[in-house]
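Peer 1: Compact mmCIF, C-alpha atoms, file start_11.txt:
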```txt
# COMPACT_ATOMS: atom_id res chain seq x y z
CA MET A 1 -32.51 -0.39 -48.80
CA LEU A 2 -32.58 -3.76 -47.01
CA THR A 3 -35.94 -5.37 -46.38
CA LEU A 4 -35.92 -7.91 -43.56
CA ASP A 5 -38.82 -10.26 -42.92
CA THR A 6 -40.36 -8.52 -39.92
CA ARG A 7 -42.66 -11.48 -39.27
CA VAL A 8 -39.65 -13.40 -37.95
CA PRO A 9 -38.34 -12.31 -34.51
CA ALA A 10 -34.75 -12.53 -33.34
CA VAL A 11 -33.51 -13.91 -30.01
CA LEU A 12 -30.10 -12.83 -28.68
CA LEU A 13 -28.42 -15.10 -26.13
CA ARG A 14 -25.51 -14.09 -23.91
CA ILE A 15 -24.37 -16.22 -20.98
CA ASP A 16 -21.29 -14.23 -19.87
CA ARG A 17 -21.95 -11.52 -17.29
CA ASN A 18 -20.97 -8.11 -18.68
CA PRO A 19 -23.36 -5.15 -18.35
CA PHE A 20 -21.06 -3.13 -20.65
CA HIS A 21 -21.35 -5.50 -23.61
CA HIS A 22 -22.00 -2.96 -26.36
CA GLY A 23 -22.23 -5.67 -29.02
CA THR A 24 -25.59 -6.77 -27.61
CA LEU A 25 -26.91 -3.22 -27.92
CA GLY A 26 -25.57 -3.03 -31.48
CA ALA A 27 -27.51 -6.17 -32.44
CA VAL A 28 -30.70 -4.92 -30.75
CA ARG A 29 -30.51 -1.61 -32.64
CA SER A 30 -29.51 -3.14 -35.96
CA LEU A 31 -32.41 -5.58 -36.08
CA GLY A 32 -34.89 -3.32 -34.29
CA ARG A 33 -34.33 -0.44 -36.70
CA ALA A 34 -35.19 -2.83 -39.52
CA GLY A 35 -38.54 -3.59 -37.84
CA VAL A 36 -37.59 -6.98 -36.38
CA GLU A 37 -38.97 -7.91 -32.96
CA VAL A 38 -35.89 -8.40 -30.78
CA HIS A 39 -35.78 -10.54 -27.62
CA VAL A 40 -32.75 -10.75 -25.29
CA ALA A 41 -31.76 -13.36 -22.72
CA ALA A 42 -28.55 -12.07 -21.11
CA ALA A 43 -26.94 -12.87 -17.79
CA ASP A 44 -26.86 -9.19 -16.79
CA SER A 45 -30.24 -8.21 -18.26
CA THR A 46 -31.52 -6.72 -15.00
CA LYS A 47 -28.69 -4.14 -14.87
CA SER A 48 -27.70 -3.76 -18.50
CA PRO A 49 -28.23 -0.39 -20.25
CA VAL A 50 -29.49 -2.46 -23.20
CA ARG A 51 -32.82 -2.71 -21.38
CA ARG A 52 -33.35 1.02 -22.02
CA SER A 53 -33.22 0.69 -25.80
CA ARG A 54 -36.39 1.64 -27.61
CA TYR A 55 -35.64 -1.17 -30.10
CA LEU A 56 -35.74 -3.97 -27.53
CA HIS A 57 -39.05 -5.82 -27.51
CA GLN A 58 -38.59 -8.00 -24.42
CA THR A 59 -35.98 -9.42 -22.04
CA HIS A 60 -36.19 -12.99 -20.73
CA PRO A 61 -34.66 -14.69 -17.68
CA PRO A 62 -31.23 -15.99 -18.70
CA PRO A 63 -29.62 -19.35 -17.90
CA PRO A 64 -28.37 -19.47 -14.29
CA PRO A 65 -24.64 -19.06 -13.56
CA GLY A 66 -22.76 -22.23 -14.50
CA ALA A 67 -25.82 -23.59 -16.30
CA SER A 68 -25.60 -27.05 -17.85
CA LEU A 69 -26.34 -27.65 -21.50
CA GLN A 70 -29.81 -28.94 -20.68
CA GLU A 71 -30.55 -25.91 -18.49
CA ILE A 72 -29.62 -23.65 -21.40
CA ALA A 73 -31.86 -25.72 -23.67
CA ALA A 74 -34.74 -25.36 -21.21
CA VAL A 75 -34.33 -21.56 -21.18
CA LEU A 76 -34.34 -21.41 -24.97
CA ARG A 77 -37.41 -23.65 -25.20
CA ARG A 78 -39.22 -21.45 -22.68
CA ILE A 79 -38.43 -18.35 -24.73
CA ALA A 80 -39.61 -20.12 -27.89
CA ARG A 81 -42.97 -20.88 -26.27
CA ARG A 82 -43.40 -17.23 -25.26
CA VAL A 83 -42.41 -15.86 -28.64
CA ALA A 84 -44.67 -18.49 -30.29
CA ARG A 85 -43.00 -18.19 -33.72
CA PRO A 86 -39.83 -19.60 -35.26
CA SER A 87 -37.05 -17.07 -34.52
CA VAL A 88 -33.53 -16.35 -35.68
CA LEU A 89 -31.24 -17.24 -32.75
CA ILE A 90 -27.94 -15.33 -32.45
CA PRO A 91 -25.37 -16.00 -29.68
CA MET A 92 -23.47 -12.92 -28.51
CA ASP A 93 -20.67 -14.72 -26.65
CA ASP A 94 -18.58 -17.86 -26.97
CA ALA A 95 -20.41 -19.79 -24.26
CA GLY A 96 -23.73 -19.17 -26.00
CA ALA A 97 -22.31 -20.06 -29.41
CA LEU A 98 -20.92 -23.37 -28.18
CA ALA A 99 -24.15 -24.27 -26.41
CA ILE A 100 -26.19 -23.54 -29.52
CA GLY A 101 -23.73 -25.54 -31.62
CA ARG A 102 -24.28 -28.59 -29.42
CA LEU A 103 -28.05 -28.10 -29.27
CA GLN A 104 -28.57 -27.43 -32.97
CA LYS A 105 -30.67 -30.53 -33.71
CA GLU A 106 -32.69 -30.11 -30.54
CA LEU A 107 -33.47 -26.46 -31.35
CA ALA A 108 -34.12 -26.89 -35.07
CA ASP A 109 -37.91 -27.03 -34.68
CA THR A 110 -38.17 -23.68 -32.89
CA TYR A 111 -35.19 -21.62 -34.10
CA LEU A 112 -33.70 -20.72 -37.47
CA LEU A 113 -29.99 -21.55 -37.35
CA PRO A 114 -27.10 -21.82 -39.82
CA ASP A 115 -26.39 -25.43 -40.78
CA GLN A 116 -23.19 -25.73 -38.75
CA ALA A 117 -21.34 -29.03 -38.41
CA CYS A 118 -21.73 -30.39 -34.88
CA GLY A 119 -18.77 -29.45 -32.69
CA LEU A 120 -17.16 -27.10 -35.23
CA ALA A 121 -17.84 -23.95 -33.18
CA GLU A 122 -16.08 -25.58 -30.24
CA ARG A 123 -13.10 -26.61 -32.36
CA VAL A 124 -12.44 -23.09 -33.65
CA ALA A 125 -13.06 -21.40 -30.27
CA ASP A 126 -10.70 -23.77 -28.43
CA LYS A 127 -7.25 -22.14 -28.55
CA ALA A 128 -5.46 -25.51 -28.66
CA THR A 129 -7.40 -27.00 -31.57
CA LEU A 130 -7.27 -23.63 -33.39
CA ALA A 131 -3.49 -23.93 -33.51
CA GLN A 132 -3.85 -27.37 -35.10
CA LEU A 133 -6.43 -26.09 -37.61
CA CYS A 134 -4.12 -23.25 -38.66
CA ALA A 135 -1.27 -25.69 -39.21
CA SER A 136 -3.46 -27.92 -41.39
CA THR A 137 -4.79 -25.01 -43.51
CA ASP A 138 -1.51 -23.08 -43.86
CA ILE A 139 -2.81 -20.06 -41.92
CA PRO A 140 -0.01 -18.18 -40.07
CA HIS A 141 -0.27 -18.65 -36.31
CA PRO A 142 2.13 -17.87 -33.44
CA VAL A 143 4.26 -20.79 -32.27
CA THR A 144 2.13 -22.55 -29.64
CA LEU A 145 3.14 -25.20 -27.09
CA LEU A 146 0.91 -27.25 -24.79
CA PRO A 147 2.85 -28.36 -21.70
CA GLU A 148 1.91 -31.61 -19.98
CA SER A 149 3.62 -30.88 -16.65
CA PRO A 150 5.05 -27.98 -14.64
CA ALA A 151 8.51 -28.92 -15.87
CA GLN A 152 7.31 -28.77 -19.49
CA ALA A 153 5.80 -25.33 -18.82
CA VAL A 154 9.25 -24.14 -17.74
CA ALA A 155 10.85 -25.70 -20.82
CA ALA A 156 8.22 -24.13 -23.07
CA VAL A 157 8.89 -20.55 -21.97
CA ARG A 158 12.61 -21.15 -22.34
CA GLN A 159 11.99 -22.28 -25.91
CA LEU A 160 9.60 -19.42 -26.72
CA GLY A 161 11.48 -16.68 -24.90
CA LEU A 162 10.14 -14.14 -22.44
CA PRO A 163 7.67 -12.61 -22.22
CA ALA A 164 5.38 -15.35 -23.48
CA VAL A 165 1.60 -15.44 -23.82
CA ALA A 166 -0.30 -17.84 -21.57
CA LYS A 167 -3.85 -18.78 -22.56
CA TRP A 168 -6.45 -21.19 -21.30
CA SER A 169 -7.57 -23.26 -24.25
CA ARG A 170 -11.26 -22.88 -23.33
CA PRO A 171 -11.52 -19.40 -21.80
CA TRP A 172 -15.30 -19.61 -21.37
CA LEU A 173 -14.68 -22.15 -18.59
CA VAL A 174 -12.52 -19.82 -16.47
CA PRO A 175 -14.53 -19.29 -13.27
CA ALA A 176 -15.72 -15.81 -12.40
CA GLY A 177 -14.62 -14.23 -9.15
CA THR A 178 -11.02 -15.47 -9.31
CA ASP A 179 -7.79 -13.77 -10.33
CA LEU A 180 -7.49 -16.06 -13.37
CA ARG A 181 -7.65 -14.35 -16.76
CA SER A 182 -8.20 -15.94 -20.15
CA THR A 183 -4.94 -14.49 -21.49
CA VAL A 184 -1.90 -13.11 -19.63
CA LEU A 185 1.73 -12.30 -20.29
CA VAL A 186 4.15 -14.41 -18.28
CA ARG A 187 7.55 -12.89 -17.59
CA SER A 188 9.26 -15.77 -15.81
CA ALA A 189 9.40 -19.56 -15.87
CA LYS A 190 8.02 -19.55 -12.32
CA GLU A 191 4.86 -17.71 -13.44
CA ALA A 192 4.28 -20.28 -16.18
CA GLN A 193 4.78 -23.11 -13.72
CA GLU A 194 2.32 -21.60 -11.23
CA LEU A 195 -0.29 -21.10 -13.92
CA TYR A 196 0.03 -24.70 -15.09
CA ARG A 197 -0.67 -25.90 -11.56
CA ARG A 198 -4.02 -24.07 -11.71
CA SER A 199 -5.23 -25.93 -14.81
CA ASP A 200 -7.92 -27.82 -12.89
CA GLU A 201 -9.22 -24.55 -11.45
CA ALA A 202 -9.27 -22.93 -14.92
CA GLY A 203 -11.20 -25.86 -16.39
CA SER A 204 -9.02 -26.38 -19.49
CA ARG A 205 -5.46 -26.83 -20.71
CA LEU A 206 -2.80 -24.15 -20.50
CA LEU A 207 -1.08 -23.23 -23.73
CA LEU A 208 1.99 -21.05 -24.10
CA GLN A 209 2.45 -18.96 -27.18
CA ALA A 210 5.17 -16.83 -28.72
CA PHE A 211 4.63 -13.17 -27.91
CA LEU A 212 4.04 -10.90 -30.89
CA PRO A 213 4.56 -7.27 -29.80
CA ASP A 214 1.74 -4.85 -30.47
CA GLY A 215 2.29 -1.58 -32.29
CA PRO A 216 0.73 0.79 -34.80
CA GLY A 217 -0.97 -1.09 -37.62
CA ARG A 218 -0.28 -4.55 -36.20
CA ASP A 219 -3.69 -5.48 -34.75
CA TRP A 220 -6.36 -6.50 -37.26
CA PHE A 221 -9.73 -8.21 -37.18
CA VAL A 222 -12.02 -9.71 -39.81
CA HIS A 223 -15.77 -10.15 -39.45
CA GLY A 224 -18.19 -11.88 -41.77
CA TYR A 225 -21.17 -14.14 -42.24
CA VAL A 226 -20.97 -17.40 -44.21
CA ASP A 227 -24.33 -18.02 -45.88
CA ARG A 228 -26.03 -21.33 -46.66
CA THR A 229 -24.08 -21.63 -49.93
CA GLY A 230 -20.70 -21.13 -48.23
CA VAL A 231 -20.13 -17.56 -49.47
CA VAL A 232 -18.79 -14.93 -47.06
CA ARG A 233 -21.21 -12.02 -46.82
CA GLY A 234 -21.09 -8.73 -44.94
CA GLY A 235 -18.30 -7.77 -42.60
CA GLY A 236 -14.82 -6.76 -43.66
CA SER A 237 -11.29 -6.26 -42.38
CA GLY A 238 -10.39 -3.59 -39.86
CA ARG A 239 -7.47 -2.18 -37.91
CA LYS A 240 -7.53 -1.80 -34.16
CA HIS A 241 -6.22 1.66 -33.29
CA ARG A 242 -6.89 1.43 -29.56
CA SER A 243 -7.75 -1.44 -27.26
CA TRP A 244 -8.99 -1.93 -23.71
CA PRO A 245 -7.00 -3.07 -21.81
CA ARG A 246 -4.18 -1.49 -23.80
CA GLY A 247 -2.26 -3.82 -26.08
CA ALA A 248 -4.35 -6.98 -25.64
CA GLY A 249 -8.00 -6.15 -25.09
CA LEU A 250 -11.18 -5.50 -27.05
CA THR A 251 -11.41 -2.84 -29.75
CA ALA A 252 -11.96 0.63 -28.30
CA VAL A 253 -11.27 2.43 -31.61
CA GLY A 254 -11.34 0.57 -34.92
CA GLU A 255 -11.25 1.53 -38.59
CA TRP A 256 -12.57 -0.28 -41.67
CA THR A 257 -9.41 -0.95 -43.69
CA PRO A 258 -9.89 -3.27 -46.68
CA ASP A 259 -7.18 -5.90 -47.10
CA PRO A 260 -8.03 -8.25 -49.98
CA GLY A 261 -5.25 -10.68 -49.09
CA LEU A 262 -6.38 -11.06 -45.50
CA ARG A 263 -9.99 -11.40 -46.57
CA ALA A 264 -9.07 -14.08 -49.14
CA GLY A 265 -7.17 -16.08 -46.51
CA VAL A 266 -10.17 -16.00 -44.18
CA ALA A 267 -12.49 -17.10 -47.00
CA ARG A 268 -10.15 -20.05 -47.69
CA LEU A 269 -10.13 -21.00 -43.99
CA VAL A 270 -13.91 -20.99 -43.52
CA ASP A 271 -14.36 -22.86 -46.80
CA THR A 272 -11.90 -25.57 -45.73
CA LEU A 273 -13.67 -25.91 -42.37
CA GLY A 274 -17.16 -25.89 -43.89
CA TYR A 275 -18.03 -23.13 -41.43
CA ARG A 276 -21.47 -21.50 -41.51
CA GLY A 277 -22.73 -18.45 -39.63
CA ILE A 278 -21.16 -15.33 -38.10
CA PHE A 279 -17.45 -15.17 -37.26
CA ASP A 280 -15.02 -12.70 -35.68
CA LEU A 281 -11.28 -13.32 -36.19
CA ASP A 282 -8.39 -11.50 -34.49
CA PHE A 283 -4.95 -11.12 -36.08
CA ARG A 284 -1.61 -9.61 -35.12
CA VAL A 285 1.16 -8.92 -37.60
CA ASP A 286 4.44 -10.73 -36.88
CA SER A 287 7.09 -8.02 -37.23
CA ALA A 288 9.69 -10.65 -38.17
CA THR A 289 7.74 -11.99 -41.18
CA GLY A 290 5.24 -9.22 -41.93
CA GLU A 291 2.45 -11.80 -41.94
CA PRO A 292 -0.82 -11.39 -39.99
CA CYS A 293 -1.09 -14.33 -37.57
CA LEU A 294 -4.49 -15.62 -36.50
CA LEU A 295 -4.89 -15.32 -32.72
CA ASP A 296 -8.58 -16.03 -32.11
CA PHE A 297 -11.56 -17.44 -34.01
CA ASN A 298 -14.80 -16.39 -32.32
CA PRO A 299 -17.90 -18.20 -33.68
CA ARG A 300 -20.26 -15.26 -33.04
CA PRO A 301 -20.47 -11.49 -33.67
CA GLY A 302 -17.60 -9.38 -32.40
CA ALA A 303 -18.64 -6.56 -30.10
CA GLN A 304 -17.56 -4.01 -32.75
CA PHE A 305 -19.45 -5.70 -35.62
CA ARG A 306 -21.34 -2.48 -36.43
CA LEU A 307 -18.09 -1.00 -37.76
CA PHE A 308 -18.85 -3.01 -40.90
CA ALA A 309 -22.34 -1.64 -41.52
CA ASP A 310 -21.89 -0.98 -45.24
CA GLY A 311 -23.46 1.46 -47.69
CA ALA A 312 -26.67 -0.59 -47.70
CA ASP A 313 -26.52 -0.82 -43.86
CA LEU A 314 -25.86 -4.55 -44.10
CA ASP A 315 -24.01 -6.02 -41.11
CA VAL A 316 -23.44 -9.60 -40.01
CA VAL A 317 -26.54 -9.93 -37.80
CA ARG A 318 -28.76 -8.58 -40.58
CA ALA A 319 -27.00 -10.93 -42.99
CA GLN A 320 -27.92 -13.91 -40.80
CA HIS A 321 -31.54 -12.79 -40.52
CA LEU A 322 -31.81 -12.32 -44.29
CA ASP A 323 -30.20 -15.68 -45.01
CA MET A 324 -32.28 -17.60 -42.46
CA THR A 325 -35.50 -16.12 -43.89
CA HIS A 326 -34.40 -16.84 -47.49
CA ARG A 327 -34.12 -13.18 -48.42
CA PRO A 328 -31.50 -12.02 -50.95
CA LEU A 329 -28.25 -10.58 -49.59
CA PRO A 330 -26.98 -7.56 -51.51
CA ALA A 331 -23.46 -7.19 -52.86
CA ALA A 332 -21.01 -5.52 -50.51
CA ALA A 333 -20.93 -1.71 -50.44
CA VAL A 334 -17.61 -1.16 -48.66
CA LEU A 335 -17.04 2.06 -46.67
CA PRO A 336 -13.25 2.37 -46.21
CA GLY A 337 -12.21 4.64 -43.35
CA ARG A 338 -15.41 4.20 -41.38
CA ARG A 339 -14.67 4.20 -37.63
CA PHE A 340 -16.16 2.60 -34.53
CA VAL A 341 -15.56 4.07 -31.07
CA VAL A 342 -16.50 2.69 -27.64
CA GLU A 343 -17.13 5.76 -25.47
CA ASN A 344 -16.37 4.37 -22.01
CA TYR A 345 -13.07 2.84 -23.18
CA SER A 346 -11.94 5.81 -25.29
CA PRO A 347 -13.84 8.87 -24.02
CA LEU A 348 -11.61 11.55 -25.58
CA THR A 349 -11.89 10.01 -29.05
CA ALA A 350 -15.66 9.73 -28.61
CA LEU A 351 -15.87 13.38 -27.53
CA ARG A 352 -13.97 14.48 -30.64
CA VAL A 353 -16.33 12.44 -32.79
CA LEU A 354 -19.39 14.05 -31.22
CA MET A 355 -17.96 17.56 -31.54
CA THR A 356 -17.09 17.13 -35.24
CA ALA A 357 -20.23 15.27 -36.29
CA GLY A 358 -21.85 16.62 -39.44
CA PRO A 359 -25.26 15.78 -40.95
CA ALA A 360 -26.73 12.55 -39.57
CA ALA A 361 -26.69 10.70 -42.90
CA THR A 362 -23.06 11.58 -43.58
CA ALA A 363 -21.94 10.85 -40.02
CA ALA A 364 -23.60 7.42 -40.07
CA HIS A 365 -21.43 6.43 -43.04
CA ARG A 366 -18.25 7.88 -41.53
CA ARG A 367 -18.40 6.56 -37.95
CA GLU A 368 -20.50 4.85 -35.30
CA LEU A 369 -20.41 5.10 -31.53
CA ALA A 370 -21.08 1.99 -29.48
CA TRP A 371 -23.55 3.60 -27.05
CA HIS A 372 -24.57 7.04 -28.26
CA ALA A 373 -27.27 7.24 -30.96
CA GLN A 374 -29.54 10.15 -31.77
CA ASP A 375 -32.56 7.89 -32.19
CA ASP A 376 -31.88 5.86 -28.99
CA MET A 377 -30.32 8.02 -26.27
CA ALA A 378 -31.41 6.18 -23.11
CA PRO A 379 -28.83 3.33 -23.23
CA ALA A 380 -25.90 5.79 -23.37
CA LEU A 381 -27.19 7.73 -20.37
CA ALA A 382 -27.73 4.50 -18.40
CA MET A 383 -24.26 3.28 -19.37
CA TRP A 384 -22.55 6.42 -18.06
CA VAL A 385 -24.35 6.17 -14.72
CA LEU A 386 -23.35 2.51 -14.39
CA TRP A 387 -19.80 3.17 -15.61
CA CYS A 388 -19.23 5.99 -13.09
CA ARG A 389 -20.36 3.69 -10.28
CA HIS A 390 -18.07 0.95 -11.58
CA VAL A 391 -15.03 3.25 -11.79
CA THR A 392 -15.74 4.76 -8.36
CA ARG A 393 -15.89 1.30 -6.78
CA ARG A 394 -12.62 0.29 -8.43
CA LEU A 395 -10.83 3.46 -7.36
CA SER A 396 -12.20 3.24 -3.83
CA GLY A 397 -11.01 -0.36 -3.56
CA ARG A 398 -7.51 0.57 -4.70
CA LEU A 399 -7.38 3.50 -2.30
CA ARG A 400 -8.45 1.34 0.64
CA ARG A 401 -5.77 -1.21 -0.16
CA ARG A 402 -3.10 1.50 -0.28
CA VAL A 403 -4.01 3.28 2.96
CA ARG A 404 -4.92 0.22 5.01
CA PRO A 405 -2.50 0.29 8.00
CA ALA A 406 -0.16 -2.64 8.33
CA ALA A 407 -0.59 -4.88 11.36
CA PRO A 408 1.80 -3.79 14.13
CA ALA A 409 4.87 -5.97 14.40
CA VAL A 410 5.08 -8.15 17.50
CA PRO A 411 8.30 -7.30 19.32
CA LYS A 412 10.63 -10.24 19.52
CA THR A 413 12.20 -11.08 22.87
CA PRO A 414 15.79 -12.25 22.65
CA VAL A 415 15.98 -15.89 23.58
CA SER A 416 19.37 -17.30 24.44
CA THR A 417 18.73 -20.68 26.05
CA THR A 418 16.55 -23.66 25.37
CA ARG A 419 14.61 -23.09 28.61
CA GLU A 420 14.03 -19.44 27.77
CA ARG A 421 12.84 -20.38 24.26
CA ALA A 422 10.32 -22.82 25.76
CA VAL A 423 8.99 -20.14 28.10
CA ALA A 424 8.73 -17.70 25.24
CA ASP A 425 6.84 -20.27 23.13
CA VAL A 426 4.32 -20.78 25.91
```
As structure tokens, please, write out the structure in this file.
Peer 2:
Amino acid sequence: MLTLDTRVPAVLLRIDRNPFHHGTLGAVRSLGRAGVEVHVAAADSTKSPVRRSRYLHQTHPPPPPGASLQEIAAVLRRIARRVARPSVLIPMDDAGALAIGRLQKELADTYLLPDQACGLAERVADKATLAQLCASTDIPHPVTLLPESPAQAVAAVRQLGLPAVAKWSRPWLVPAGTDLRSTVLVRSAKEAQELYRRSDEAGSRLLLQAFLPDGPGRDWFVHGYVDRTGVVRGGGSGRKHRSWPRGAGLTAVGEWTPDPGLRAGVARLVDTLGYRGIFDLDFRVDSATGEPCLLDFNPRPGAQFRLFADGADLDVVRAQHLDMTHRPLPAAAVLPGRRFVVENYSPLTALRVLMTAGPAATAAHRRELAWHAQDDMAPALAMWVLWCRHVTRRLSGRLRRRVRPAAPAVPKTPVSTTRERAVADV
């Protein structure tokens, strides 16, 4: 049984707006069940079902939309004054991770943080520099091109073939409320050219990448925590059985599937980089070579991190708390075949899980649901209410767009002479 230092609180920071971020709830429950006082500063904290969790101690006003680095620092200092004790600080999204990485020295007096090299989190999260890091460490990565002009964007897709993957190198800078997405499939040279012209709007460079088709057994992810000595603790490798959106989204159904070779490659990568802290890596197998190619390196917990709660109930957020409070981390107790299901993204799978659940102790080792928990029911109920409203709004919007009558066409009067055309124009 793990024993966390319950005198040390934890603060979870999330800047991205997403009331359905189940990873935040997973971290609240994981630390709260161990007796840790959990504080949350999240951009959607007023609407999030996480607020209903019995394991949440307090929510705090988050940084404002588009907050500067110093505004984020001010929020974290204000929380530190209210908590009044050194706390373990865990970012739950890329924007938070990068801000904390830049503010590490400034926050060192009030928060317990992994000793991460300055700027490293930004280097691995940036899709362009990640491609360079993979090349330098011999980690398989899809062929990636960075066009410098619209003409080069056209040439790039011709070289890569269609469809191709288009990504913004720093997706956390993509403005909300636009039709821009962090990753899209482009099916023509014209699409690639149009995207390149929106680089200023997106806030970062466009990169074009060879498309690796999805399919059964091709999508993998690896989670872990690198402790102060550089050893990877907790986490594991898993297969993505279902995603949302389909084929290129987050994990809706995942399974713990040990792959020693993949795990060893990740350990070599983080050791070469000198990385410290929690990581979440996404891979897709290249059908031509059979090799898993690294697609994303996220310097924070993945939303499905609780899949890798092992036989001692160690996960990556607990590993960070133990390490930051100088508590021993136990050896891994792997649970192959354990599953994680996100109910609102895969409701039928979740229903089957609930209907076949056995004794609580056995079920906890076999699977975990993102929202539903016998000891903390309120967040799941709040999520379903919010999700039904969300789906209803989306469907209503689509229906309105389909049935909206077209503007009546203005009848054209035949005009045969210059004088008649002038009269018609008037």
Peer 1: Can you find the residues with an atom no farther than 7 Å from (5.9, -16.7, -24.2), counting all atoms listed in the file, and report them as a compact mmCIF listing (two decimals) with C-alpha atoms, keeping the file's coordinate frame?
Peer 2:
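Saved to point-v6.txt:
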```txt
# COMPACT_ATOMS: atom_id res chain seq x y z
CA VAL A 157 8.89 -20.55 -21.97
CA LEU A 160 9.60 -19.42 -26.72
CA GLY A 161 11.48 -16.68 -24.90
CA LEU A 162 10.14 -14.14 -22.44
CA PRO A 163 7.67 -12.61 -22.22
CA ALA A 164 5.38 -15.35 -23.48
CA VAL A 165 1.60 -15.44 -23.82
CA ALA A 166 -0.30 -17.84 -21.57
CA VAL A 186 4.15 -14.41 -18.28
CA LEU A 208 1.99 -21.05 -24.10
CA GLN A 209 2.45 -18.96 -27.18
CA ALA A 210 5.17 -16.83 -28.72
CA PHE A 211 4.63 -13.17 -27.91
```
Peer 1: What does the distance between atom CA of A:Pro245 and atom CA of A:Leu395 come to in Å, to one decimal place?
Peer 2: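 The value is 16.3 Å.
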Peer 1: Residues at most 7 Å from stretch 193-203 of chain A, counting only C-alpha atoms, excluding those fewer than 6 positions away in the same chain, as a list in words?
Peer 2: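 Near stretch 193-203 of chain A, the qualifying residues are Pro150, Ala153, Val154, Leu173, Val174 and Pro175 of chain A.
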Peer 1: So, with all atoms listed in the file as the atoms that count, which of A:Arg123, A:Arg17, A:Arg339, A:Arg52 lies closest to A:Gly101?
Peer 2: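 So, comparing all the options, the nearest one is A:Arg123.
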Peer 1: With stretch 69-93 of chain A as the partner and 10 Å as the cut-off, tabulate the residues of stretch 34-53 of chain A that qualify, each row holding the nearest pair of atoms and their distance in Å to one decimal, using all atoms listed in the file, sorted by chain and rising number, as a tab-separated table.
Peer 2:
```
residue	atom	partner	partner_atom	distance
A:Glu37	CA	A:Ser87	CA	9.5
A:Val38	CA	A:Ser87	CA	9.5
A:His39	CA	A:Val83	CA	8.6
A:Val40	CA	A:Ile79	CA	9.5
A:Ala41	CA	A:Ile79	CA	8.6
A:Ala42	CA	A:Met92	CA	9.0
```
Peer 1: Rounded to one decimal place, report the atom CA of A:Val232-atom CA of A:Ala108 distance in Å.
Peer 2: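 Answer for the atom CA of A:Val232 to atom CA of A:Ala108 separation: 22.8 Å.
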Peer 1: Name the residues, using the chain letters and numbers of the file, that sit within 6 Å of (-19.8, -11.3, -43.2) when counting all atoms listed in the file, and give them as a tab-separated table (two decimals) with C-alpha atoms, in the coordinates of the input.
Peer 2:
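Writing done, so here's part.tsv:
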```
chain	number	residue	atom	x	y	z
A	223	HIS	CA	-15.77	-10.15	-39.45
A	224	GLY	CA	-18.19	-11.88	-41.77
A	225	TYR	CA	-21.17	-14.14	-42.24
A	232	VAL	CA	-18.79	-14.93	-47.06
A	233	ARG	CA	-21.21	-12.02	-46.82
A	234	GLY	CA	-21.09	-8.73	-44.94
A	235	GLY	CA	-18.30	-7.77	-42.60
A	316	VAL	CA	-23.44	-9.60	-40.01
```
Peer 1: Please identify every residue of stretch 112-179 of chain A that has at least one atom no farther than 7 Å from an atom of stretch 273-283 of chain A, counting only C-alpha atoms, and for each give the shortest atom pair and the distance in Å to one decimal, arranged by chain then increasing number, as a tab-separated table.
Peer 2:
```
residue	atom	partner	partner_atom	distance
A:Pro114	CA	A:Gly277	CA	5.5
A:Asp115	CA	A:Arg276	CA	6.3
A:Gln116	CA	A:Arg276	CA	5.3
```
Peer 1: Which of these, A:Lys190, A:Arg228, A:Arg306, A:His390, has the shortest distance to A:His321 once you count only C-alpha atoms?
Peer 2: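 Answer, going by the shortest atom-to-atom distance: A:Arg228.
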Peer 1: Using all atoms listed in the file, pick whichever of A:Arg181, A:Arg268, A:Arg205, A:Lys105 has the shortest atom-to-atom distance to A:Val231.
Peer 2: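 Result for the nearest residue to A:Val231: A:Arg268.
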Peer 1: Just give me the gap between atom CA of A:Ile15 and atom CA of A:Ser182 in Å, one decimal is fine.
Peer 2: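 Pair atom CA of A:Ile15 / atom CA of A:Ser182 returns 16.2 Å.
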Peer 1: So which one's closest to A:Met383, A:Pro19, A:Gly311, A:Pro292, A:Pro328? Using all atoms listed in the file, please.
Peer 2: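 Answer, going by the shortest atom-to-atom distance: A:Pro19.
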Peer 1: In terms of the shortest atom-to-atom distance over only C-alpha atoms, which of A:Asp5, A:Tyr345, A:Thr183, A:Asp271 is closest to A:Val391?
Peer 2: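 With only C-alpha atoms as the atom set, the closest residue is A:Tyr345.
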Peer 1: Tell me which of A:Gly119, A:Phe221, A:His22, A:Pro65 sits closest to A:Glu368, counting only C-alpha atoms.
Peer 2: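 Smallest distance to A:Glu368 is found for A:His22.
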Peer 1: Using only C-alpha atoms, find each residue of stretch 66-97 of chain A with at least one atom at most 12 Å away from an atom of stretch 125-142 of chain A; report its shortest atom-to-atom pair and that distance in Å (one decimal), sort the rows by chain and rising residue number, and return the result as a Markdown table.
Peer 2:
```
| residue | atom | partner | partner_atom | distance |
| --- | --- | --- | --- | --- |
| A:Asp93 | CA | A:Ala125 | CA | 10.8 |
| A:Asp94 | CA | A:Ala125 | CA | 7.3 |
| A:Ala95 | CA | A:Ala125 | CA | 9.6 |
| A:Gly96 | CA | A:Ala125 | CA | 11.7 |
| A:Ala97 | CA | A:Ala125 | CA | 9.4 |
```
Peer 1: List the spatial neighbours of A:Phe340 as a PyMOL selection string - criterion: any atom at most 12 Å away, only C-alpha atoms, same-chain residues fewer than 3 positions off excluded.
Peer 2: chain A and resi 22-23+26+238-243+251-257+303-309+337+343+345-346+349-350+353+363-372
